[in-house]
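Q: Pasting in a structure now, in C-alpha cells, and then I'll have a few things to ask.
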Amino acid sequence: MKTKLISKIYTIALVGVLVFGQSACSDFLTEKAPSNLTPTSFYTIPDHAEAAIASVYADLRFMGNGAGIFSANWQLLEALTGTSTTETAQNSDLNNLYGLVHDGYTVHIVNYWGGLYKVIAQANQVIDKVPAITPMDAKQKSKILGEARFLRASAYFTAVRLWGDIPLITKPQTASSEDFLPARAPVESIYKLIVEDLIAAEAAGLDWMDTRGRVGTAAVKAQLAEVYLTMAGGTLNKGASHYKLAADKAFEVITYANSNPTSVNLFSNYYDVHREATENRLEHLFMIQYNNSVAGNPMENFYPNFKPVTFSGPGGTGSSVPVPAFYRSYEEGDLRTKDQEGYFYTSYFTNGTGAPFSLGAPYVFKHFNQTSAGTSGVPGTRNNNLNVPQIRYAQVLLTYAEAQNEVGGPTQAAYDAFKRIRDRAKLTTPDLGSYTAASFRTAVWKERWHELCYEQITWFDMVRLKKAFNQNTKSFEEFVGHTNLSSNQKLQAKHLLLPLPTAELLNNPKLGKQNTGY
C-alpha cells in the first residue's frame, strides 16, 4: 500500500519551503485570518512536523521531473555510464550526455543541482524547527528528525559524488543570512556531515522497515555502508579502515535479515522488483514513492520507441535503451536476461494484452509496470503507480562482499553474500577456494554492474573505483581512456566530476572556478 504521508498532505507540503514574507497588502487586508501560516505560527504542532517531512519526501521526486522532450532528470546518471543509448536522439541535452560533451548549461545537470539543494533546504527546516515543537510525542519527534537527517545525508551524498567540493548548508537561509551566497566546502567536510547525519538517523528509533515508504533503520544502515565504501576509495581513499566500517555496517543488515527473513530478504523472483504489490517490502529498503493521483512513475523513457507495448498502443520514447553489448555481457543462462522474467525483455504483447511480437532488441524490463501496462490477456490499470527503487537488499549483499574482501580476502561470509545474487540468477558459482582477493574483487564488481544496472548506481561505482566495465571483453579497465559505447567517445579525467551549473557560478562568485576541464 502506498504511504498516505505524501498523498494525503501533498497539497500543503509546500509549506515546508517556508519562504514566507510579510504581506504587501497589509494596509488593505487589516483583518488577518487565524489559519494563515507564518514562520512563527508554523512548526507549532506535531501535524506541522508531519507536513514538513512530507515535503522533503515529495521533493525527492525531482529526479523524475522532465528535462526537455523525451527525457527526465534521472537519465543523467544512466547516459554517462555507456550501458544505455537512445533510439530517439531528439533531446539535445540528453544527446550531449550520451556524447560526453555536457557542460554547465546541460539541463539535467542544472535540474539535479537545484533538486538536491531543495531537498537539503527542506530537510534543514525540519531539523532546525521541529525540536522546539511542544507538546509533541518524543518518539514521533525523534523519528521525524531521523528521517530528515537521512534525507539530507542522501542528498549531500549524491551531490558530493557529482561535483566534489560543494556548498555545505545546514541551517535555513533567507536573503539576509550571512552565508546566503555560500562558498564551496571541501569534500571531507561534506562526508563528515553525511556520516554524522546517518549515525543520528540510525539512533532515531526508526522501524527496521516501513511499508508506508518512510525511511527505516535498514535503509539508514545500508546507506551508511555505501558511504563508508565510497570513502574507502574514490577521492578520500581512506582504505582499509573504511572498508571495515562498510563491511561491518552492511553485515548488521545481513544479520538482521538472517534473523528476520520475512522482513528483509531478496525477492524469490525478479518480477517482484517491479511489482506494485511488493513496494516498500522485503528487498526494497527504500524507494521514491509514486502514485498516479499525485505523480506517476517517471521511468517510461525506458519503453521502446513507438512499439505497442502498452494499452496506449505505439508509444514510448526509447530515449534510454540498453547498449546491445551490455546485454550480451551477462553470462549464458543468466536469468536476468531471460525475456520478461529478468531485467530485460525482447518481446511483448500488442497494445499490452494482445498477440505476442518481437521487439527486435533488448529493452529494460526492470522498471516496466505490467499492472499498469497490461500483460497477455490482462488489461492494465492505466495508472503507473510503481515506485522507483533507491536501495535494495541486493546492493547490501554486494557492498558487504566487496568491502569484506578488501579487509581480509574472500571470506566465507563474503562469498555467501556474493553467491546469493548469483543463485537467484541461476548461475553456477566457482568454489570459494578458486578465488583470490583480486579475482573475487572483479567478480563482485561485475555483479554490481549486472544486478544494479539502470538504478542510478553504476555511474557512482565508476567514479569511486575509477574503473569501467568493458562490455566487449567483459573485463574492467581504467576509467580514463575507457570508450563509452553509446558515443564511442573516451572518458576523460574531467568526467569524474560534473560541471557546476553555469548560472550558479554567475549568480554566486563565491563558488569560485568551474570544475577542471569544463
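Starting from 1 in every chain, residues are counted up; chains themselves are A, B, ... following the order of the C-alpha cells, and ligands are numbered from 1 as listed.
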Contacts of Thr399 in chain A at 9 Å or less, counting only C-alpha atoms, minus same-chain residues fewer than 3 places along, as a PDB file with N, CA and C atoms, in the first residue's frame?

A:
ATOM      1  N   ALA A 222      22.158   0.611   5.465  1.00  0.00           N
ATOM      2  CA  ALA A 222      22.605   0.306   4.106  1.00  0.00           C
ATOM      3  C   ALA A 222      23.258   1.526   3.464  1.00  0.00           C
ATOM      4  N   ALA A 225      26.679   2.095   5.010  1.00  0.00           N
ATOM      5  CA  ALA A 225      27.649   1.147   4.461  1.00  0.00           C
ATOM      6  C   ALA A 225      28.158   1.618   3.106  1.00  0.00           C
ATOM      7  N   GLU A 226      27.245   2.131   2.261  1.00  0.00           N
ATOM      8  CA  GLU A 226      27.634   2.608   0.932  1.00  0.00           C
ATOM      9  C   GLU A 226      28.511   3.853   1.033  1.00  0.00           C
ATOM     10  N   LEU A 229      31.961   2.673   2.036  1.00  0.00           N
ATOM     11  CA  LEU A 229      32.593   2.034   0.889  1.00  0.00           C
ATOM     12  C   LEU A 229      33.150   3.078  -0.071  1.00  0.00           C
ATOM     13  N   ALA A 246      32.484  -0.246   6.295  1.00  0.00           N
ATOM     14  CA  ALA A 246      31.445  -0.591   5.310  1.00  0.00           C
ATOM     15  C   ALA A 246      30.988  -2.026   5.493  1.00  0.00           C
ATOM     16  N   ALA A 247      31.950  -2.941   5.654  1.00  0.00           N
ATOM     17  CA  ALA A 247      31.611  -4.358   5.817  1.00  0.00           C
ATOM     18  C   ALA A 247      30.811  -4.581   7.090  1.00  0.00           C
ATOM     19  N   ALA A 250      27.188  -3.108   6.697  1.00  0.00           N
ATOM     20  CA  ALA A 250      26.374  -3.938   5.813  1.00  0.00           C
ATOM     21  C   ALA A 250      26.018  -5.253   6.498  1.00  0.00           C
ATOM     22  N   ALA A 394      19.791  -6.418  -2.329  1.00  0.00           N
ATOM     23  CA  ALA A 394      20.823  -6.954  -3.223  1.00  0.00           C
ATOM     24  C   ALA A 394      22.079  -6.088  -3.185  1.00  0.00           C
ATOM     25  N   GLN A 395      21.904  -4.786  -3.116  1.00  0.00           N
ATOM     26  CA  GLN A 395      23.044  -3.871  -3.047  1.00  0.00           C
ATOM     27  C   GLN A 395      23.811  -4.072  -1.741  1.00  0.00           C
ATOM     28  N   VAL A 396      23.101  -4.283  -0.641  1.00  0.00           N
ATOM     29  CA  VAL A 396      23.754  -4.506   0.647  1.00  0.00           C
ATOM     30  C   VAL A 396      24.651  -5.745   0.586  1.00  0.00           C
ATOM     31  N   GLU A 402      32.119  -6.929  -1.358  1.00  0.00           N
ATOM     32  CA  GLU A 402      33.257  -6.143  -1.830  1.00  0.00           C
ATOM     33  C   GLU A 402      34.100  -5.642  -0.668  1.00  0.00           C
ATOM     34  N   ALA A 403      33.447  -5.049   0.342  1.00  0.00           N
ATOM     35  CA  ALA A 403      34.183  -4.450   1.452  1.00  0.00           C
ATOM     36  C   ALA A 403      34.913  -5.503   2.268  1.00  0.00           C
ATOM     37  N   GLN A 404      34.245  -6.621   2.540  1.00  0.00           N
ATOM     38  CA  GLN A 404      34.874  -7.662   3.343  1.00  0.00           C
ATOM     39  C   GLN A 404      36.070  -8.270   2.623  1.00  0.00           C
ATOM     40  N   VAL A 444      32.831  -9.517  -7.981  1.00  0.00           N
ATOM     41  CA  VAL A 444      31.807  -8.739  -7.271  1.00  0.00           C
ATOM     42  C   VAL A 444      31.471  -7.473  -8.052  1.00  0.00           C
ATOM     43  N   ARG A 448      27.802  -6.204  -9.462  1.00  0.00           N
ATOM     44  CA  ARG A 448      27.210  -4.880  -9.222  1.00  0.00           C
ATOM     45  C   ARG A 448      26.728  -4.275 -10.551  1.00  0.00           C
TER      46      ARG A 448
END

Q: I'd like the neighbourhood of Pro430 in chain A as a list of chain:residue names, where a residue qualifies if any of its atoms comes within 12 Å (using only C-alpha atoms), though same-chain residues fewer than 2 positions away should be ignored.

A: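 Residues near the query, excluding close chain neighbours: A:Tyr415, A:Asp416, A:Phe418, A:Lys419, A:Arg422, A:Asp423, A:Leu427, A:Thr428, A:Leu432, A:Gly433, A:Ser434, A:Tyr435, A:Thr436, A:Ser439, A:Phe440, A:Ala443.
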
Q: Go ahead and save the residues from that selection, with N, CA, C and O atoms, as a compact mmCIF listing (two decimals), in the first residue's frame.

A:
# COMPACT_ATOMS: atom_id res chain seq x y z
N TYR A 415 31.73 -14.56 0.44
CA TYR A 415 31.37 -15.47 -0.66
C TYR A 415 29.88 -15.80 -0.62
O TYR A 415 29.21 -15.81 -1.67
N ASP A 416 29.34 -16.07 0.57
CA ASP A 416 27.92 -16.41 0.69
C ASP A 416 27.03 -15.26 0.23
O ASP A 416 26.00 -15.49 -0.44
N PHE A 418 27.81 -12.86 -1.94
CA PHE A 418 28.00 -12.79 -3.39
C PHE A 418 27.23 -13.91 -4.10
O PHE A 418 26.54 -13.69 -5.10
N LYS A 419 27.31 -15.10 -3.55
CA LYS A 419 26.69 -16.26 -4.18
C LYS A 419 25.17 -16.15 -4.17
O LYS A 419 24.50 -16.66 -5.09
N ARG A 422 24.08 -14.56 -7.33
CA ARG A 422 24.24 -15.44 -8.48
C ARG A 422 23.27 -16.62 -8.43
O ARG A 422 22.78 -17.06 -9.48
N ASP A 423 22.97 -17.10 -7.24
CA ASP A 423 22.00 -18.20 -7.13
C ASP A 423 20.64 -17.78 -7.68
O ASP A 423 19.98 -18.56 -8.37
N LEU A 427 22.93 -19.04 -11.77
CA LEU A 427 24.29 -19.18 -12.25
C LEU A 427 25.09 -20.10 -11.34
O LEU A 427 24.89 -20.12 -10.12
N THR A 428 26.01 -20.84 -11.92
CA THR A 428 26.93 -21.67 -11.15
C THR A 428 28.10 -20.82 -10.70
O THR A 428 28.71 -20.11 -11.51
N LEU A 432 34.68 -21.29 -3.29
CA LEU A 432 35.39 -20.19 -2.63
C LEU A 432 36.90 -20.30 -2.84
O LEU A 432 37.58 -19.30 -3.11
N GLY A 433 37.43 -21.52 -2.73
CA GLY A 433 38.88 -21.70 -2.83
C GLY A 433 39.47 -21.35 -4.18
O GLY A 433 40.70 -21.20 -4.30
N SER A 434 38.64 -21.20 -5.18
CA SER A 434 39.15 -20.88 -6.52
C SER A 434 39.40 -19.39 -6.71
O SER A 434 39.98 -18.98 -7.72
N TYR A 435 38.97 -18.58 -5.74
CA TYR A 435 39.11 -17.13 -5.87
C TYR A 435 40.34 -16.62 -5.12
O TYR A 435 40.64 -17.06 -4.00
N THR A 436 41.01 -15.66 -5.71
CA THR A 436 41.98 -14.84 -4.99
C THR A 436 41.27 -13.54 -4.63
O THR A 436 40.14 -13.28 -5.08
N SER A 439 40.64 -11.74 -7.99
CA SER A 439 39.60 -12.29 -8.86
C SER A 439 38.21 -12.17 -8.23
O SER A 439 37.22 -11.95 -8.93
N PHE A 440 38.14 -12.26 -6.90
CA PHE A 440 36.86 -12.09 -6.22
C PHE A 440 36.40 -10.64 -6.34
O PHE A 440 35.22 -10.36 -6.56
N ALA A 443 34.93 -10.17 -9.70
CA ALA A 443 33.65 -10.88 -9.81
C ALA A 443 32.53 -10.11 -9.13
O ALA A 443 31.41 -10.04 -9.65

Q: Here is a test: counting only C-alpha atoms, which residue of A:Ile144, A:Ala325, A:Val56, A:Val187 is nearest to Ser486 in chain A?

A: A:Ala325

Q: Could you produce a table of the residues of range 349-371 of chain A lying within 10 Å of range 267-286 of chain A, with the nearest pair of atoms per residue and their separation in Å rounded to one decimal, using only C-alpha atoms, ordered by chain and increasing residue number, as a Markdown table?

A:
| residue | atom | partner | partner_atom | distance |
| --- | --- | --- | --- | --- |
| A:Phe365 | CA | A:His274 | CA | 8.4 |
| A:Lys366 | CA | A:His274 | CA | 6.1 |
| A:His367 | CA | A:His274 | CA | 5.7 |
| A:Phe368 | CA | A:His274 | CA | 6.7 |
| A:Asn369 | CA | A:His274 | CA | 6.4 |
| A:Gln370 | CA | A:Arg275 | CA | 7.6 |
| A:Thr371 | CA | A:Glu276 | CA | 7.3 |

Q: Near Ser475 in chain A, within 12 Å and counting only C-alpha atoms, which residues show up once chain neighbours fewer than 5 positions away are dropped, as a list of chain:residue names?

A: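 Once the adjacent positions are removed, what remains is A:Phe326, A:Ser329, A:Tyr330, A:Ser439, A:Arg441, A:Thr442, A:Ala443, A:Val444, A:Trp445, A:Lys446, A:Glu447, A:Trp449, A:Lys467, A:Ala468, A:Phe469, A:Asn470, A:His482.
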
Q: Set the distance at 7 Å and use only C-alpha atoms: which residues neighbour range 295-306 of chain A once local chain neighbours fewer than 4 positions away are removed? I'd like the list as an mmCIF file with all heavy atoms, in the first residue's frame.

A:
data_model
loop_
_atom_site.group_PDB
_atom_site.id
_atom_site.type_symbol
_atom_site.label_atom_id
_atom_site.label_comp_id
_atom_site.auth_asym_id
_atom_site.auth_seq_id
_atom_site.Cartn_x
_atom_site.Cartn_y
_atom_site.Cartn_z
ATOM 1 N N GLY A 64 12.643 12.507 -11.212
ATOM 2 C CA GLY A 64 11.759 12.048 -12.270
ATOM 3 C C GLY A 64 11.133 13.163 -13.081
ATOM 4 O O GLY A 64 10.389 12.896 -14.030
ATOM 5 N N PHE A 70 11.192 14.083 -24.379
ATOM 6 C CA PHE A 70 11.621 12.685 -24.307
ATOM 7 C C PHE A 70 12.758 12.454 -23.299
ATOM 8 O O PHE A 70 13.618 11.605 -23.518
ATOM 9 C CB PHE A 70 12.069 12.170 -25.677
ATOM 10 C CG PHE A 70 10.972 12.094 -26.706
ATOM 11 C CD1 PHE A 70 11.290 11.938 -28.051
ATOM 12 C CD2 PHE A 70 9.634 12.178 -26.344
ATOM 13 C CE1 PHE A 70 10.274 11.854 -29.017
ATOM 14 C CE2 PHE A 70 8.626 12.098 -27.297
ATOM 15 C CZ PHE A 70 8.937 11.940 -28.630
ATOM 16 N N SER A 71 12.762 13.185 -22.224
ATOM 17 C CA SER A 71 13.837 12.991 -21.259
ATOM 18 C C SER A 71 13.391 13.384 -19.861
ATOM 19 O O SER A 71 12.498 14.215 -19.684
ATOM 20 C CB SER A 71 15.079 13.800 -21.649
ATOM 21 O OG SER A 71 16.190 13.421 -20.860
ATOM 22 N N GLU A 87 17.175 5.745 -28.792
ATOM 23 C CA GLU A 87 16.587 5.456 -30.104
ATOM 24 C C GLU A 87 15.957 6.695 -30.720
ATOM 25 O O GLU A 87 15.563 6.667 -31.883
ATOM 26 C CB GLU A 87 15.503 4.378 -29.963
ATOM 27 C CG GLU A 87 16.025 3.004 -29.661
ATOM 28 C CD GLU A 87 14.921 1.954 -29.637
ATOM 29 O OE1 GLU A 87 13.784 2.275 -29.210
ATOM 30 O OE2 GLU A 87 15.186 0.810 -30.039
ATOM 31 N N TYR A 290 5.661 6.905 -5.708
ATOM 32 C CA TYR A 290 4.892 7.445 -6.830
ATOM 33 C C TYR A 290 3.461 6.926 -6.771
ATOM 34 O O TYR A 290 3.221 5.761 -6.439
ATOM 35 C CB TYR A 290 5.530 7.073 -8.170
ATOM 36 C CG TYR A 290 6.693 7.966 -8.521
ATOM 37 C CD1 TYR A 290 7.984 7.633 -8.140
ATOM 38 C CD2 TYR A 290 6.491 9.181 -9.174
ATOM 39 C CE1 TYR A 290 9.055 8.469 -8.425
ATOM 40 C CE2 TYR A 290 7.551 10.027 -9.464
ATOM 41 C CZ TYR A 290 8.834 9.670 -9.088
ATOM 42 O OH TYR A 290 9.878 10.519 -9.354
ATOM 43 N N ASN A 291 2.544 7.806 -7.068
ATOM 44 C CA ASN A 291 1.133 7.449 -7.190
ATOM 45 C C ASN A 291 0.544 8.346 -8.258
ATOM 46 O O ASN A 291 0.735 9.567 -8.221
ATOM 47 C CB ASN A 291 0.397 7.639 -5.862
ATOM 48 C CG ASN A 291 -1.018 7.105 -5.913
ATOM 49 O OD1 ASN A 291 -1.859 7.616 -6.653
ATOM 50 N ND2 ASN A 291 -1.298 6.075 -5.125
ATOM 51 N N PRO A 314 1.257 2.241 -29.964
ATOM 52 C CA PRO A 314 2.640 2.592 -30.308
ATOM 53 C C PRO A 314 3.080 3.876 -29.607
ATOM 54 O O PRO A 314 2.967 4.974 -30.140
ATOM 55 C CB PRO A 314 2.607 2.767 -31.833
ATOM 56 C CG PRO A 314 1.379 2.046 -32.269
ATOM 57 C CD PRO A 314 0.402 2.224 -31.158
ATOM 58 N N GLY A 315 3.539 3.754 -28.383
ATOM 59 C CA GLY A 315 4.041 4.890 -27.616
ATOM 60 C C GLY A 315 5.412 4.589 -27.076
ATOM 61 O O GLY A 315 6.091 3.670 -27.515
ATOM 62 N N GLY A 316 5.837 5.345 -26.087
ATOM 63 C CA GLY A 316 7.165 5.164 -25.512
ATOM 64 C C GLY A 316 8.192 5.958 -26.277
ATOM 65 O O GLY A 316 8.069 6.165 -27.481
ATOM 66 N N THR A 317 9.205 6.424 -25.581
ATOM 67 C CA THR A 317 10.182 7.301 -26.218
ATOM 68 C C THR A 317 11.446 6.563 -26.655
ATOM 69 O O THR A 317 12.111 6.997 -27.583
ATOM 70 C CB THR A 317 10.594 8.433 -25.262
ATOM 71 O OG1 THR A 317 11.375 7.885 -24.195
ATOM 72 C CG2 THR A 317 9.368 9.119 -24.672
ATOM 73 N N GLY A 318 11.788 5.479 -25.966
ATOM 74 C CA GLY A 318 13.030 4.795 -26.301
ATOM 75 C C GLY A 318 14.245 5.682 -26.155
ATOM 76 O O GLY A 318 15.268 5.463 -26.814
ATOM 77 N N SER A 319 14.168 6.683 -25.283
ATOM 78 C CA SER A 319 15.313 7.593 -25.154
ATOM 79 C C SER A 319 16.376 7.056 -24.204
ATOM 80 O O SER A 319 17.441 7.647 -24.076
ATOM 81 C CB SER A 319 14.855 8.989 -24.712
ATOM 82 O OG SER A 319 14.181 8.945 -23.472
ATOM 83 N N SER A 320 16.112 5.943 -23.525
ATOM 84 C CA SER A 320 17.147 5.194 -22.808
ATOM 85 C C SER A 320 16.892 3.712 -23.037
ATOM 86 O O SER A 320 15.881 3.176 -22.568
ATOM 87 C CB SER A 320 17.131 5.503 -21.306
ATOM 88 O OG SER A 320 17.847 6.675 -21.011
ATOM 89 N N VAL A 321 17.774 3.089 -23.773
ATOM 90 C CA VAL A 321 17.642 1.663 -24.083
ATOM 91 C C VAL A 321 19.008 1.011 -23.887
ATOM 92 O O VAL A 321 20.042 1.677 -23.979
ATOM 93 C CB VAL A 321 17.148 1.436 -25.526
ATOM 94 C CG1 VAL A 321 15.784 2.098 -25.738
ATOM 95 C CG2 VAL A 321 18.149 1.967 -26.547
ATOM 96 N N TYR A 363 15.204 -4.571 -24.239
ATOM 97 C CA TYR A 363 14.818 -3.330 -23.558
ATOM 98 C C TYR A 363 14.779 -3.580 -22.058
ATOM 99 O O TYR A 363 14.760 -4.734 -21.599
ATOM 100 C CB TYR A 363 13.468 -2.825 -24.063
ATOM 101 C CG TYR A 363 13.516 -2.384 -25.504
ATOM 102 C CD1 TYR A 363 13.273 -3.286 -26.536
ATOM 103 C CD2 TYR A 363 13.846 -1.072 -25.839
ATOM 104 C CE1 TYR A 363 13.349 -2.898 -27.862
ATOM 105 C CE2 TYR A 363 13.920 -0.674 -27.165
ATOM 106 C CZ TYR A 363 13.680 -1.585 -28.172
ATOM 107 O OH TYR A 363 13.762 -1.192 -29.482
ATOM 108 N N VAL A 364 14.767 -2.507 -21.279
ATOM 109 C CA VAL A 364 14.809 -2.619 -19.823
ATOM 110 C C VAL A 364 13.435 -2.989 -19.292
ATOM 111 O O VAL A 364 12.461 -2.251 -19.487
ATOM 112 C CB VAL A 364 15.293 -1.302 -19.190
ATOM 113 C CG1 VAL A 364 15.230 -1.388 -17.664
ATOM 114 C CG2 VAL A 364 16.722 -0.991 -19.639
ATOM 115 N N HIS A 367 11.962 -1.672 -14.791
ATOM 116 C CA HIS A 367 11.036 -0.619 -14.377
ATOM 117 C C HIS A 367 9.700 -0.689 -15.125
ATOM 118 O O HIS A 367 8.920 0.265 -15.090
ATOM 119 C CB HIS A 367 11.670 0.756 -14.595
ATOM 120 C CG HIS A 367 12.950 0.958 -13.850
ATOM 121 N ND1 HIS A 367 12.991 1.190 -12.494
ATOM 122 C CD2 HIS A 367 14.244 0.944 -14.268
ATOM 123 C CE1 HIS A 367 14.254 1.327 -12.105
ATOM 124 N NE2 HIS A 367 15.022 1.183 -13.171
ATOM 125 N N ASN A 384 0.235 4.217 -13.657
ATOM 126 C CA ASN A 384 1.554 3.698 -13.312
ATOM 127 C C ASN A 384 1.959 4.201 -11.924
ATOM 128 O O ASN A 384 2.542 5.271 -11.774
ATOM 129 C CB ASN A 384 2.595 4.107 -14.354
ATOM 130 C CG ASN A 384 3.882 3.311 -14.189
ATOM 131 O OD1 ASN A 384 4.099 2.656 -13.178
ATOM 132 N ND2 ASN A 384 4.737 3.359 -15.197
ATOM 133 N N ASN A 385 1.644 3.398 -10.910
ATOM 134 C CA ASN A 385 1.931 3.760 -9.524
ATOM 135 C C ASN A 385 3.216 3.127 -8.999
ATOM 136 O O ASN A 385 3.443 3.087 -7.786
ATOM 137 C CB ASN A 385 0.769 3.324 -8.625
ATOM 138 C CG ASN A 385 -0.538 4.004 -8.996
ATOM 139 O OD1 ASN A 385 -0.544 5.174 -9.351
ATOM 140 N ND2 ASN A 385 -1.630 3.264 -8.932
ATOM 141 N N LEU A 386 4.051 2.642 -9.885
ATOM 142 C CA LEU A 386 5.260 1.942 -9.464
ATOM 143 C C LEU A 386 6.255 2.920 -8.835
ATOM 144 O O LEU A 386 6.527 3.991 -9.381
ATOM 145 C CB LEU A 386 5.900 1.258 -10.662
ATOM 146 C CG LEU A 386 6.895 0.131 -10.378
ATOM 147 C CD1 LEU A 386 6.220 -1.019 -9.641
ATOM 148 C CD2 LEU A 386 7.495 -0.362 -11.694
ATOM 149 N N ASN A 387 6.796 2.538 -7.682
ATOM 150 C CA ASN A 387 7.842 3.330 -7.048
ATOM 151 C C ASN A 387 9.166 3.143 -7.772
ATOM 152 O O ASN A 387 9.335 2.206 -8.558
ATOM 153 C CB ASN A 387 8.008 2.922 -5.580
ATOM 154 C CG ASN A 387 6.816 3.305 -4.724
ATOM 155 O OD1 ASN A 387 6.030 4.178 -5.082
ATOM 156 N ND2 ASN A 387 6.682 2.638 -3.593
#

Q: Just checking: using only C-alpha atoms, which residue out of A:Lys307, A:Lys466, A:Lys129, A:Arg382 ends up closest to Ser347 in chain A?

A: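 Residue with the minimum atom-to-atom distance to Ser347 in chain A: A:Lys307.
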
Q: Take CA of Ser41 in chain A and CA of Ile133 in chain A and report the distance between them in Å, one decimal.

A: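 For CA of Ser41 in chain A relative to CA of Ile133 in chain A, the distance reads 10.9 Å.
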
Q: Using the chain letters and numbers from this document, which residues of range 63-301 of chain A does DSSP assign to helix (DSSP H, G or I), as a PyMOL selection string?

A: chain A and resi 63-64+73-79+92-98+107-132+138-163+187-202+217-232+240-259+271-274+276-278+299-301

Q: Can you tell me which residues surround Pro322 in chain A at a distance of at most 10 Å, considering only C-alpha atoms, apart from same-chain residues fewer than 6 positions away, and format the answer as a list in words?

A: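 Close residues of Pro322 in chain A: Gly82, Thr83, Ser84, Thr85, Thr86, Phe302, Phe344, Ala361, Pro362, Tyr363, Val364, Cys453, Tyr454 and Ser486 of chain A.
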
Q: Find the residues of range 231-331 of chain A that sit at most 12 Å from range 161-172 of chain A; for each, write down the nearest two atoms and how far apart they are in Å, to one decimal. Count only C-alpha atoms. Sort by chain, then by number going up, and give it as a tab-separated table.

A:
residue	atom	partner	partner_atom	distance
A:Met231	CA	A:Arg161	CA	10.4
A:Gly234	CA	A:Arg161	CA	9.2
A:Thr235	CA	A:Gly164	CA	8.5
A:Leu236	CA	A:Gly164	CA	10.7

Q: Check the smallest atom-to-atom distance from each of A:Leu60, A:Val126, A:Ile199, A:Leu77 to Gly114 in chain A using only C-alpha atoms, then report the winner.

A: A:Leu60

Q: Excluding Ala414 in chain A and any residue of its chain fewer than 2 positions from it, enumerate the residues within 7 Å of it, using only C-alpha atoms, and give them as a list in words.

A: Tyr400, Ala401, Gln404, Asn405, Pro410, Thr411, Gln412, Asp416, Ala417 and Phe418 of chain A

Q: Emit the selected residues as a short mmCIF file (atom, residue, chain, number, x, y, z; two decimals), in the first residue's frame, including all heavy atoms.

A:
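Below is the file again19.cif, written as the result:
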data_model
loop_
_atom_site.label_atom_id
_atom_site.label_comp_id
_atom_site.auth_asym_id
_atom_site.auth_seq_id
_atom_site.Cartn_x
_atom_site.Cartn_y
_atom_site.Cartn_z
N TYR A 400 28.67 -5.60 1.03
CA TYR A 400 29.37 -6.38 2.05
C TYR A 400 30.45 -7.27 1.41
O TYR A 400 31.60 -7.32 1.90
CB TYR A 400 28.40 -7.27 2.82
CG TYR A 400 29.11 -8.20 3.78
CD1 TYR A 400 29.71 -7.70 4.93
CD2 TYR A 400 29.23 -9.55 3.49
CE1 TYR A 400 30.41 -8.54 5.79
CE2 TYR A 400 29.94 -10.40 4.35
CZ TYR A 400 30.52 -9.89 5.50
OH TYR A 400 31.22 -10.72 6.34
N ALA A 401 30.11 -7.95 0.34
CA ALA A 401 31.07 -8.85 -0.31
C ALA A 401 32.30 -8.09 -0.76
O ALA A 401 33.45 -8.54 -0.55
CB ALA A 401 30.41 -9.55 -1.49
N GLN A 404 34.24 -6.62 2.54
CA GLN A 404 34.87 -7.66 3.34
C GLN A 404 36.07 -8.27 2.62
O GLN A 404 37.08 -8.61 3.24
CB GLN A 404 33.85 -8.76 3.68
CG GLN A 404 34.36 -9.82 4.63
CD GLN A 404 34.82 -9.26 5.96
OE1 GLN A 404 34.16 -8.40 6.54
NE2 GLN A 404 35.97 -9.72 6.45
N ASN A 405 35.99 -8.39 1.33
CA ASN A 405 37.12 -8.90 0.55
C ASN A 405 38.32 -7.97 0.67
O ASN A 405 39.47 -8.44 0.74
CB ASN A 405 36.71 -9.05 -0.91
CG ASN A 405 37.84 -9.59 -1.78
OD1 ASN A 405 38.32 -10.69 -1.58
ND2 ASN A 405 38.26 -8.80 -2.77
N PRO A 410 38.58 -13.08 0.26
CA PRO A 410 37.24 -13.67 0.07
C PRO A 410 36.89 -14.65 1.19
O PRO A 410 37.12 -15.85 1.07
CB PRO A 410 37.35 -14.35 -1.29
CG PRO A 410 38.81 -14.67 -1.44
CD PRO A 410 39.55 -13.59 -0.71
N THR A 411 36.35 -14.14 2.27
CA THR A 411 35.92 -14.99 3.39
C THR A 411 34.65 -15.75 3.03
O THR A 411 33.98 -15.44 2.03
CB THR A 411 35.64 -14.14 4.64
OG1 THR A 411 34.54 -13.26 4.35
CG2 THR A 411 36.85 -13.33 5.04
N GLN A 412 34.30 -16.72 3.86
CA GLN A 412 33.09 -17.50 3.61
C GLN A 412 31.86 -16.61 3.62
O GLN A 412 30.97 -16.75 2.77
CB GLN A 412 32.94 -18.60 4.66
CG GLN A 412 31.76 -19.54 4.40
CD GLN A 412 31.93 -20.38 3.16
OE1 GLN A 412 32.95 -21.03 2.97
NE2 GLN A 412 30.94 -20.36 2.26
N ASP A 416 29.34 -16.07 0.57
CA ASP A 416 27.92 -16.41 0.69
C ASP A 416 27.03 -15.26 0.23
O ASP A 416 26.00 -15.49 -0.44
CB ASP A 416 27.59 -16.77 2.15
CG ASP A 416 28.20 -18.09 2.59
OD1 ASP A 416 28.63 -18.87 1.71
OD2 ASP A 416 28.26 -18.33 3.81
N ALA A 417 27.40 -14.02 0.58
CA ALA A 417 26.61 -12.86 0.14
C ALA A 417 26.64 -12.72 -1.37
O ALA A 417 25.61 -12.49 -2.02
CB ALA A 417 27.15 -11.60 0.82
N PHE A 418 27.81 -12.86 -1.94
CA PHE A 418 28.00 -12.79 -3.39
C PHE A 418 27.23 -13.91 -4.10
O PHE A 418 26.54 -13.69 -5.10
CB PHE A 418 29.51 -12.88 -3.66
CG PHE A 418 29.92 -13.22 -5.06
CD1 PHE A 418 29.78 -12.31 -6.08
CD2 PHE A 418 30.49 -14.46 -5.35
CE1 PHE A 418 30.19 -12.61 -7.38
CE2 PHE A 418 30.91 -14.77 -6.63
CZ PHE A 418 30.76 -13.85 -7.65
#

Q: Could you tell me, as a PyMOL selection string, which residues of range 252-345 of chain A DSSP assigns to strand (DSSP E) when given the backbone?

A: chain A and resi 284-288+307-310+313-315+321-322+344-345

Q: Hey, what's within 9 Å of Arg328 in chain A if we count only C-alpha atoms and toss same-chain stuff fewer than 6 positions away? As a PyMOL selection string, please?

A: chain A and resi 337+471-472
